[in-house]
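Structure file run_20.cif with mmCIF, C-alpha atoms:
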```
data_upload
loop_
_atom_site.label_atom_id
_atom_site.label_comp_id
_atom_site.auth_asym_id
_atom_site.auth_seq_id
_atom_site.Cartn_x
_atom_site.Cartn_y
_atom_site.Cartn_z
CA MET A 1 -6.07 -3.36 -22.25
CA ILE A 2 -4.81 -2.55 -18.74
CA LEU A 3 -6.75 -3.90 -15.75
CA LEU A 4 -6.58 -2.24 -12.34
CA THR A 5 -7.67 -3.95 -9.12
CA GLY A 6 -7.82 -2.42 -5.66
CA VAL A 7 -9.24 0.83 -7.03
CA THR A 8 -11.29 1.53 -3.91
CA GLY A 9 -8.07 1.44 -1.86
CA THR A 10 -5.44 4.13 -1.57
CA VAL A 11 -2.85 3.05 -4.15
CA GLY A 12 -5.26 1.53 -6.66
CA ARG A 13 -7.31 4.71 -6.68
CA LEU A 14 -4.19 6.79 -7.30
CA VAL A 15 -3.02 4.51 -10.11
CA ALA A 16 -6.40 4.99 -11.79
CA ARG A 17 -5.94 8.76 -11.55
CA CYS A 18 -2.36 9.01 -12.75
CA LEU A 19 -2.29 6.33 -15.45
CA THR A 20 -1.84 8.10 -18.77
CA THR A 21 -2.10 5.84 -21.79
CA ALA A 22 -3.90 5.49 -25.08
CA GLU A 23 -4.52 1.86 -24.17
CA PRO A 24 -8.01 1.02 -22.86
CA VAL A 25 -8.30 0.78 -19.06
CA ARG A 26 -10.65 -1.47 -17.08
CA LEU A 27 -11.33 -1.33 -13.34
CA LEU A 28 -12.21 -4.50 -11.43
CA ALA A 29 -14.04 -4.29 -8.10
CA ARG A 30 -16.50 -6.26 -6.01
CA ASP A 31 -18.63 -3.10 -5.96
CA PRO A 32 -18.58 -1.61 -9.49
CA CYS A 33 -20.75 1.33 -8.44
CA ARG A 34 -18.20 2.40 -5.87
CA ALA A 35 -15.31 1.89 -8.28
CA ALA A 36 -17.03 3.98 -10.94
CA ALA A 37 -16.22 7.09 -8.88
CA TYR A 38 -12.55 6.59 -9.83
CA ALA A 39 -13.10 5.84 -13.51
CA GLY A 40 -11.85 8.36 -16.05
CA PRO A 41 -13.51 9.08 -19.39
CA GLY A 42 -13.80 5.91 -21.42
CA THR A 43 -12.69 3.69 -18.54
CA GLU A 44 -14.63 0.45 -18.21
CA VAL A 45 -15.75 -0.79 -14.80
CA VAL A 46 -16.54 -4.46 -14.18
CA GLY A 47 -17.53 -6.56 -11.18
CA GLY A 48 -15.54 -9.48 -9.89
CA ASP A 49 -14.42 -11.15 -6.70
CA PHE A 50 -11.03 -12.76 -5.98
CA GLY A 51 -12.90 -15.35 -3.95
CA GLU A 52 -14.98 -16.40 -6.97
CA PRO A 53 -12.57 -17.52 -9.72
CA ALA A 54 -15.26 -17.73 -12.40
CA SER A 55 -15.99 -14.02 -12.00
CA LEU A 56 -12.43 -13.14 -13.03
CA ASP A 57 -12.50 -14.65 -16.51
CA ALA A 58 -14.66 -11.99 -18.15
CA ALA A 59 -12.80 -9.21 -16.33
CA LEU A 60 -9.44 -10.43 -17.66
CA ALA A 61 -10.55 -11.03 -21.25
CA GLY A 62 -8.38 -9.01 -23.62
CA VAL A 63 -6.13 -7.71 -20.83
CA ARG A 64 -2.42 -7.24 -21.57
CA ALA A 65 -1.24 -5.96 -18.18
CA ALA A 66 -2.83 -5.97 -14.73
CA PHE A 67 -2.22 -4.21 -11.42
CA LEU A 68 -2.87 -6.69 -8.63
CA VAL A 69 -3.78 -5.60 -5.10
CA THR A 70 -5.03 -8.20 -2.64
CA SER A 71 -5.82 -7.20 0.91
CA ASP A 72 -6.83 -10.20 3.01
CA PRO A 73 -3.99 -12.24 4.55
CA LEU A 74 -6.60 -14.73 5.77
CA ALA A 75 -7.56 -15.49 2.15
CA PRO A 76 -4.29 -16.51 0.46
CA ALA A 77 -6.21 -18.22 -2.34
CA HIS A 78 -7.15 -14.79 -3.75
CA ASP A 79 -3.73 -14.35 -5.37
CA GLU A 80 -3.78 -17.88 -6.69
CA HIS A 81 -7.23 -17.38 -8.22
CA PHE A 82 -6.18 -14.16 -9.95
CA VAL A 83 -2.87 -15.48 -11.27
CA THR A 84 -4.52 -18.65 -12.58
CA ALA A 85 -7.25 -16.66 -14.31
CA ALA A 86 -4.69 -14.22 -15.73
CA ARG A 87 -2.66 -17.04 -17.20
CA ARG A 88 -5.80 -18.60 -18.66
CA ALA A 89 -6.82 -15.26 -20.21
CA GLY A 90 -3.44 -14.64 -21.83
CA VAL A 91 -2.42 -11.70 -19.64
CA ARG A 92 1.26 -10.97 -20.28
CA HIS A 93 2.33 -8.84 -17.31
CA VAL A 94 1.17 -8.53 -13.68
CA VAL A 95 2.32 -5.67 -11.46
CA LYS A 96 1.88 -6.79 -7.85
CA LEU A 97 1.64 -4.53 -4.80
CA SER A 98 3.60 -6.31 -2.08
CA ALA A 99 5.53 -5.08 0.99
CA ARG A 100 9.11 -4.16 1.86
CA ALA A 101 9.25 -6.64 4.74
CA VAL A 102 9.24 -9.69 2.43
CA THR A 103 12.99 -9.29 1.93
CA GLU A 104 13.79 -9.11 5.65
CA PRO A 105 14.69 -12.48 7.25
CA ASP A 106 13.51 -11.46 10.71
CA ALA A 107 10.03 -10.62 9.43
CA ASP A 108 7.95 -13.77 9.87
CA ASP A 109 4.51 -12.49 10.81
CA LEU A 110 1.33 -13.67 9.09
CA VAL A 111 1.02 -10.65 6.78
CA THR A 112 4.62 -10.84 5.61
CA ARG A 113 4.43 -14.60 4.99
CA TRP A 114 1.25 -14.05 2.98
CA GLN A 115 2.89 -11.42 0.77
CA ARG A 116 6.06 -13.50 0.44
CA ASN A 117 4.06 -16.53 -0.71
CA ALA A 118 2.06 -14.40 -3.15
CA GLU A 119 5.28 -13.12 -4.69
CA GLU A 120 6.59 -16.66 -5.08
CA LEU A 121 3.33 -17.72 -6.72
CA LEU A 122 3.54 -14.91 -9.26
CA ARG A 123 7.21 -15.47 -10.07
CA ALA A 124 6.52 -19.16 -10.70
CA SER A 125 3.46 -18.49 -12.88
CA GLY A 126 5.20 -18.00 -16.22
CA LEU A 127 3.75 -14.49 -16.47
CA ALA A 128 5.96 -11.43 -16.71
CA TRP A 129 5.93 -9.74 -13.31
CA THR A 130 6.89 -6.58 -11.47
CA LEU A 131 6.89 -6.44 -7.66
CA LEU A 132 6.36 -3.18 -5.80
CA ARG A 133 7.54 -3.36 -2.18
CA PRO A 134 6.64 -0.17 -0.33
CA ARG A 135 7.33 0.66 3.27
CA ALA A 136 4.35 1.97 5.30
CA PHE A 137 2.14 4.52 3.56
CA MET A 138 2.30 8.12 4.76
CA SER A 139 -1.47 8.11 4.40
CA ASN A 140 -1.72 5.72 7.37
CA THR A 141 -1.53 8.81 9.56
CA LEU A 142 -5.01 9.76 8.38
CA GLY A 143 -6.07 7.38 11.14
CA TRP A 144 -4.99 10.09 13.57
CA ALA A 145 -7.32 12.70 12.10
CA PRO A 146 -10.33 12.17 14.42
CA SER A 147 -8.31 12.46 17.63
CA ILE A 148 -6.33 15.41 16.28
CA ARG A 149 -9.50 17.28 15.41
CA ALA A 150 -11.26 16.41 18.66
CA GLU A 151 -8.44 16.45 21.21
CA GLY A 152 -5.21 17.60 19.64
CA VAL A 153 -3.80 14.18 20.53
CA VAL A 154 -2.11 11.34 18.65
CA ARG A 155 -1.82 7.92 20.29
CA ALA A 156 0.97 5.69 19.00
CA PHE A 157 3.03 2.65 19.91
CA HIS A 158 6.82 3.14 19.69
CA GLY A 159 6.30 6.78 18.80
CA ALA A 160 10.02 7.53 18.66
CA SER A 161 10.92 4.71 16.24
CA PRO A 162 11.61 5.66 12.60
CA ASN A 163 9.92 4.28 9.50
CA ALA A 164 10.94 5.19 5.93
CA THR A 165 7.30 5.85 5.02
CA VAL A 166 6.40 6.49 1.39
CA ASP A 167 3.83 8.73 -0.25
CA PRO A 168 1.23 6.50 -1.98
CA ARG A 169 1.33 8.88 -4.95
CA ASP A 170 4.94 7.83 -5.56
CA ILE A 171 3.94 4.16 -5.47
CA ALA A 172 1.13 4.85 -7.95
CA GLU A 173 3.42 6.66 -10.36
CA VAL A 174 5.88 3.76 -10.34
CA ALA A 175 3.00 1.33 -10.90
CA ALA A 176 1.79 3.37 -13.87
CA LEU A 177 5.26 3.27 -15.43
CA ALA A 178 5.41 -0.49 -14.99
CA LEU A 179 1.95 -1.03 -16.47
CA THR A 180 2.74 1.02 -19.56
CA GLY A 181 6.10 -0.67 -20.15
CA ALA A 182 8.35 2.22 -19.12
CA VAL A 183 9.77 0.03 -16.33
CA LEU A 184 10.96 -3.37 -17.47
CA PRO A 185 9.34 -6.46 -15.92
CA GLY A 186 11.15 -9.13 -13.98
CA ARG A 187 12.27 -6.84 -11.18
CA ALA A 188 11.27 -6.03 -7.60
CA HIS A 189 11.33 -2.41 -6.44
CA SER A 190 11.63 -1.39 -2.79
CA LEU A 191 9.87 1.96 -2.35
CA THR A 192 10.47 4.35 0.53
CA GLY A 193 10.29 8.02 1.27
CA PRO A 194 13.41 10.22 1.26
CA ALA A 195 14.02 9.86 5.01
CA ALA A 196 12.93 7.71 7.92
CA ILE A 197 10.53 9.54 10.22
CA SER A 198 8.99 8.67 13.57
CA ALA A 199 5.41 9.20 14.70
CA ALA A 200 6.70 11.90 17.05
CA GLU A 201 8.31 13.72 14.13
CA GLN A 202 5.16 13.36 12.01
CA VAL A 203 3.12 14.85 14.85
CA ALA A 204 5.55 17.78 14.99
CA VAL A 205 5.14 18.34 11.24
CA LEU A 206 1.35 18.31 11.54
CA SER A 207 1.47 20.64 14.54
CA GLY A 208 3.52 23.16 12.59
CA LEU A 209 1.28 23.01 9.53
CA LEU A 210 -1.89 23.28 11.63
CA ARG A 211 -0.37 26.07 13.74
CA ARG A 212 -1.56 24.52 16.97
CA PRO A 213 0.02 22.26 19.57
CA LEU A 214 -0.47 18.51 19.27
CA ARG A 215 0.43 15.96 21.90
CA LEU A 216 1.76 12.45 21.36
CA VAL A 217 0.55 9.86 23.86
CA GLU A 218 2.71 6.73 23.91
CA LEU A 219 0.66 3.53 24.00
CA THR A 220 1.75 0.50 25.94
CA ARG A 221 2.02 -2.80 24.10
CA GLU A 222 -1.22 -3.92 25.73
CA GLN A 223 -3.06 -0.75 24.69
CA ALA A 224 -1.79 -1.01 21.13
CA TYR A 225 -2.84 -4.65 20.91
CA ALA A 226 -6.30 -3.89 22.31
CA GLY A 227 -6.76 -1.22 19.65
CA LEU A 228 -5.82 -3.66 16.91
CA LEU A 229 -8.15 -6.34 18.26
CA ALA A 230 -11.03 -3.86 18.30
CA ARG A 231 -10.96 -3.62 14.51
CA LEU A 232 -9.14 -6.67 13.14
CA PRO A 233 -9.24 -10.47 13.42
CA ARG A 234 -6.84 -11.77 16.06
CA PRO A 235 -4.33 -13.35 13.61
CA VAL A 236 -4.01 -10.05 11.74
CA ALA A 237 -3.76 -8.08 14.97
CA ASP A 238 -0.99 -10.41 16.13
CA ALA A 239 0.89 -9.87 12.88
CA LEU A 240 0.63 -6.09 12.98
CA LEU A 241 1.76 -5.97 16.59
CA GLU A 242 4.76 -8.12 15.73
CA SER A 243 5.53 -5.77 12.85
CA ALA A 244 5.28 -2.75 15.16
CA VAL A 245 7.71 -4.36 17.60
CA ARG A 246 10.17 -4.81 14.73
CA GLN A 247 9.84 -1.14 13.90
CA GLY A 248 10.57 -0.30 17.53
CA ALA A 249 13.82 -2.22 17.16
CA GLY A 250 14.81 -0.09 14.16
CA ALA A 251 13.98 -2.58 11.40
CA LYS A 252 12.13 -0.15 9.14
CA ALA A 253 14.44 2.86 8.93
CA ARG A 254 16.40 2.03 5.77
CA VAL A 255 15.86 4.47 2.89
CA GLU A 256 16.02 3.27 -0.72
CA PRO A 257 16.80 5.43 -3.80
CA THR A 258 14.29 3.62 -6.03
CA VAL A 259 11.69 6.37 -6.34
CA ARG A 260 14.31 8.88 -7.44
CA THR A 261 15.82 6.39 -9.87
CA LEU A 262 12.53 5.43 -11.51
CA LEU A 263 10.71 8.76 -11.46
CA GLY A 264 13.68 11.06 -12.01
CA ARG A 265 12.87 13.18 -8.96
CA PRO A 266 13.18 12.83 -5.19
CA ALA A 267 10.57 10.89 -3.27
CA ARG A 268 8.02 13.17 -1.63
CA PRO A 269 8.75 13.89 2.05
CA TYR A 270 6.13 13.55 4.76
CA ARG A 271 5.77 17.34 5.03
CA THR A 272 4.61 17.49 1.41
CA TRP A 273 2.11 14.69 1.89
CA ALA A 274 0.79 16.28 5.11
CA ARG A 275 0.47 19.74 3.56
CA ASP A 276 -1.50 18.31 0.63
CA HIS A 277 -3.88 16.47 2.99
CA LEU A 278 -4.06 19.00 5.78
CA ALA A 279 -7.83 19.50 5.48
CA ALA A 280 -8.35 16.00 6.86
CA PHE A 281 -6.71 17.05 10.14
CA GLY A 282 -8.30 20.51 10.40
CA ASP A 283 -7.26 23.61 8.49
CA GLY A 284 -4.00 25.25 9.46
#
```
Conversion result in structure tokens:
Amino acid sequence: MILLTGVTGTVGRLVARCLTTAEPVRLLARDPCRAAAYAGPGTEVVGGDFGEPASLDAALAGVRAAFLVTSDPLAPAHDEHFVTAARRAGVRHVVKLSARAVTEPDADDLVTRWQRNAEELLRASGLAWTLLRPRAFMSNTLGWAPSIRAEGVVRAFHGASPNATVDPRDIAEVAALALTGAVLPGRAHSLTGPAAISAAEQVAVLSGLLRRPLRLVELTREQAYAGLLARLPRPVADALLESAVRQGAGAKARVEPTVRTLLGRPARPYRTWARDHLAAFGDG
């Protein structure tokens, strides 16, 4: 049995779609009704909450391998609860979605420390493990869609700074290989796209595909921070701003060959991702 968590999020949903195996698959979510929309034929959907350890025992019963996605840096116990329950249930392999920044000594924000500690917890658990460390998701630019449709404008902080963003579909395909045993456990994989790209360059790609002019408005640090605070708790906003400042200094431009090595093909470029999701921004 393979268990998938995070199936209402971007990567978890894609793993559920691309996982091809004769082994039974189970989806774990706080809202099983919502998760059921991503369940394939014969896929089981169960309820559970990382914050309630007792709810994880039934979900992990009979599970051989699990895909672990936690999303709240203010709740570090979630990883501990899952790993403890997995060990108790006899799970043999956990594939953990982490972040590229954990390997970078100058990254010491709250979110990075949380992911770094979660990795250490899993490696010390006695379970077989695989760590997936992606750079920023290309799909993050979906956050621009409302202003592109309404105004033809994208607002960004450090719009000229590059980031080796990765297509979430590539992350999901690597996760599926790890879960089915095609990628050996005990390794960490840094996942990037084929080239570093700035927000300004992404806007240019979208403009060309949409066949209409788009304008990039550079946010000040204060404006960027205010936008983060409007939707996130202050500690998380602080961490994301610190991360953005690192990107502005060039810390996120390095490209890794891992996707090509593991999947046997080049990582998808941003243009491909944007073309495949163009309807979200307005038809070209």
### Message
Which residues are near stretch 243-247 of chain A? Cut-off 10 Å, all atoms listed in the file, ignore same chain within fewer than 4 positions. Put them as a PyMOL selection string.
### Response
chain A and resi 101+106-112+157-163+198+221+224+237-239+251-253
### Task
Measuring atom to atom with all atoms listed in the file, identify which of A:Ala65, A:Ala89, A:Ala230, A:Ala150 is nearest to A:Ala128.
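Answer, going by the shortest atom-to-atom distance: A:Ala65.
Residue selection for this entry, given the PyMOL selection byres ((chain A and resi 115) around 9), comprises Pro73, Pro76, Leu97, Ser98, Ala99, Ala101, Val102, Leu110, Val111, Thr112, Arg113, Trp114, Arg116, Asn117, Ala118, Glu119 and Glu120 of chain A.
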### Query
atom CA of A:Pro269 and atom CA of A:Ser139, how far apart in Å?
12.0 Å
Mind telling me what the PyMOL selection byres ((chain A and resi 181) around 12) catches here, as a compact mmCIF listing (two decimals) with C-alpha atoms, in the frame of the given file?
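Output (result.txt):
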```txt
# COMPACT_ATOMS: atom_id res chain seq x y z
CA ILE A 2 -4.81 -2.55 -18.74
CA LEU A 19 -2.29 6.33 -15.45
CA THR A 20 -1.84 8.10 -18.77
CA THR A 21 -2.10 5.84 -21.79
CA GLU A 23 -4.52 1.86 -24.17
CA ARG A 64 -2.42 -7.24 -21.57
CA ALA A 65 -1.24 -5.96 -18.18
CA ALA A 66 -2.83 -5.97 -14.73
CA ARG A 92 1.26 -10.97 -20.28
CA HIS A 93 2.33 -8.84 -17.31
CA VAL A 94 1.17 -8.53 -13.68
CA VAL A 95 2.32 -5.67 -11.46
CA ALA A 128 5.96 -11.43 -16.71
CA TRP A 129 5.93 -9.74 -13.31
CA THR A 130 6.89 -6.58 -11.47
CA VAL A 174 5.88 3.76 -10.34
CA ALA A 175 3.00 1.33 -10.90
CA ALA A 176 1.79 3.37 -13.87
CA LEU A 177 5.26 3.27 -15.43
CA ALA A 178 5.41 -0.49 -14.99
CA LEU A 179 1.95 -1.03 -16.47
CA THR A 180 2.74 1.02 -19.56
CA ALA A 182 8.35 2.22 -19.12
CA VAL A 183 9.77 0.03 -16.33
CA LEU A 184 10.96 -3.37 -17.47
CA PRO A 185 9.34 -6.46 -15.92
CA GLY A 186 11.15 -9.13 -13.98
```
So which residues get picked by the PyMOL selection byres ((chain A and resi 35) around 10) here, written as a compact mmCIF listing (two decimals) with C-alpha atoms, keeping the file's coordinate frame?
```
# COMPACT_ATOMS: atom_id res chain seq x y z
CA THR A 5 -7.67 -3.95 -9.12
CA GLY A 6 -7.82 -2.42 -5.66
CA VAL A 7 -9.24 0.83 -7.03
CA THR A 8 -11.29 1.53 -3.91
CA GLY A 9 -8.07 1.44 -1.86
CA ARG A 13 -7.31 4.71 -6.68
CA LEU A 27 -11.33 -1.33 -13.34
CA LEU A 28 -12.21 -4.50 -11.43
CA ALA A 29 -14.04 -4.29 -8.10
CA ARG A 30 -16.50 -6.26 -6.01
CA ASP A 31 -18.63 -3.10 -5.96
CA PRO A 32 -18.58 -1.61 -9.49
CA CYS A 33 -20.75 1.33 -8.44
CA ARG A 34 -18.20 2.40 -5.87
CA ALA A 36 -17.03 3.98 -10.94
CA ALA A 37 -16.22 7.09 -8.88
CA TYR A 38 -12.55 6.59 -9.83
CA ALA A 39 -13.10 5.84 -13.51
CA VAL A 45 -15.75 -0.79 -14.80
CA VAL A 46 -16.54 -4.46 -14.18
CA GLY A 47 -17.53 -6.56 -11.18
```
### Query
Pick from A:Glu201, A:Glu173, A:Glu52, A:Glu256: nearest to A:Ala16, with all atoms listed in the file counted?
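For A:Ala16, the nearest of the given residues is A:Glu173.
With distances restricted to only C-alpha atoms, A:Val166 is the closest residue to A:Thr272 from A:Leu241, A:Ala86, A:Val166, A:Ala188.
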### Query
How many Å separate atom CA of A:Arg212 from atom CA of A:Ile197?
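Distance reported for this atom pair: 20.4 Å.
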### Query
Nearest to A:Gly193: which of A:Tyr225, A:Phe281, A:Phe82, A:Trp273 is it, counting all atoms listed in the file?
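Using all atoms listed in the file, the shortest distance to A:Gly193 belongs to A:Trp273.
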### Message
Counting only C-alpha atoms, find residues at most 10 Å from (-10.4, -12.9, 5.8) (file frame) and give them as a PyMOL selection string.
### Response
chain A and resi 71-76+232-233+235-236
### Query
For the atom pair atom CA of A:Leu131 and atom CA of A:Asp49, what is the interatomic distance in Å to one decimal place?
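Distance reported for this atom pair: 21.8 Å.
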### Message
I need the residue nearest A:Arg265 from this list: A:Val205, A:Arg211, A:Asp170, A:Lys96. Use only C-alpha atoms for the distance.
### Response
A:Asp170
### Message
Here is a test: counting only C-alpha atoms, which residue of A:Arg275, A:Arg87, A:Arg268, A:Arg100 is nearest to A:Leu127?
### Response
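So, comparing all the options, the nearest one is A:Arg87.
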Show me that you can extract stretch 190-218 of chain A, keeping N, CA and C atoms, and write it as a short mmCIF file (atom, residue, chain, number, x, y, z; two decimals), in the first residue's frame.
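See part-v4.cif below for the written result:
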```
data_model
loop_
_atom_site.label_atom_id
_atom_site.label_comp_id
_atom_site.auth_asym_id
_atom_site.auth_seq_id
_atom_site.Cartn_x
_atom_site.Cartn_y
_atom_site.Cartn_z
N SER A 190 17.96 17.39 -5.25
CA SER A 190 17.67 18.81 -5.49
C SER A 190 17.05 18.94 -6.87
N LEU A 191 15.87 19.55 -6.94
CA LEU A 191 15.09 19.58 -8.18
C LEU A 191 14.91 21.02 -8.64
N THR A 192 15.36 21.29 -9.87
CA THR A 192 15.20 22.62 -10.45
C THR A 192 14.70 22.48 -11.88
N GLY A 193 14.36 23.61 -12.46
CA GLY A 193 14.08 23.65 -13.88
C GLY A 193 15.37 23.64 -14.67
N PRO A 194 15.27 23.78 -16.01
CA PRO A 194 16.47 23.69 -16.85
C PRO A 194 17.27 24.98 -16.89
N ALA A 195 16.70 26.08 -16.40
CA ALA A 195 17.39 27.38 -16.42
C ALA A 195 16.79 28.27 -15.35
N ALA A 196 17.62 29.13 -14.80
CA ALA A 196 17.11 30.14 -13.87
C ALA A 196 16.38 31.21 -14.66
N ILE A 197 15.27 31.70 -14.11
CA ILE A 197 14.44 32.67 -14.81
C ILE A 197 13.92 33.69 -13.80
N SER A 198 13.90 34.94 -14.22
CA SER A 198 13.41 36.01 -13.34
C SER A 198 11.92 36.23 -13.55
N ALA A 199 11.31 36.97 -12.62
CA ALA A 199 9.90 37.33 -12.79
C ALA A 199 9.71 38.13 -14.07
N ALA A 200 10.66 39.03 -14.35
CA ALA A 200 10.54 39.83 -15.58
C ALA A 200 10.54 38.94 -16.82
N GLU A 201 11.37 37.92 -16.82
CA GLU A 201 11.42 36.99 -17.96
C GLU A 201 10.16 36.14 -18.02
N GLN A 202 9.62 35.75 -16.89
CA GLN A 202 8.37 34.99 -16.88
C GLN A 202 7.22 35.85 -17.43
N VAL A 203 7.20 37.11 -17.05
CA VAL A 203 6.17 38.02 -17.57
C VAL A 203 6.30 38.14 -19.08
N ALA A 204 7.52 38.21 -19.59
CA ALA A 204 7.72 38.29 -21.03
C ALA A 204 7.22 37.03 -21.73
N VAL A 205 7.46 35.87 -21.14
CA VAL A 205 6.95 34.62 -21.70
C VAL A 205 5.42 34.65 -21.76
N LEU A 206 4.79 35.03 -20.66
CA LEU A 206 3.33 35.07 -20.61
C LEU A 206 2.78 36.09 -21.62
N SER A 207 3.44 37.22 -21.73
CA SER A 207 3.00 38.24 -22.69
C SER A 207 3.01 37.69 -24.11
N GLY A 208 4.09 36.99 -24.46
CA GLY A 208 4.17 36.41 -25.80
C GLY A 208 3.11 35.36 -26.05
N LEU A 209 2.87 34.51 -25.07
CA LEU A 209 1.86 33.45 -25.24
C LEU A 209 0.45 34.02 -25.29
N LEU A 210 0.20 35.06 -24.52
CA LEU A 210 -1.12 35.69 -24.49
C LEU A 210 -1.35 36.65 -25.65
N ARG A 211 -0.25 37.02 -26.30
CA ARG A 211 -0.29 37.95 -27.44
C ARG A 211 -0.86 39.31 -27.03
N ARG A 212 -0.45 39.75 -25.85
CA ARG A 212 -0.81 41.09 -25.41
C ARG A 212 0.24 41.60 -24.44
N PRO A 213 0.42 42.91 -24.39
CA PRO A 213 1.48 43.44 -23.52
C PRO A 213 1.13 43.28 -22.04
N LEU A 214 2.14 42.93 -21.26
CA LEU A 214 2.01 42.86 -19.81
C LEU A 214 3.09 43.74 -19.21
N ARG A 215 2.80 44.31 -18.07
CA ARG A 215 3.72 45.25 -17.43
C ARG A 215 4.12 44.72 -16.05
N LEU A 216 5.42 44.75 -15.77
CA LEU A 216 5.92 44.37 -14.46
C LEU A 216 6.10 45.62 -13.61
N VAL A 217 5.46 45.61 -12.44
CA VAL A 217 5.61 46.70 -11.49
C VAL A 217 6.47 46.19 -10.34
N GLU A 218 7.61 46.83 -10.13
CA GLU A 218 8.54 46.41 -9.07
C GLU A 218 8.05 46.92 -7.72
#
```
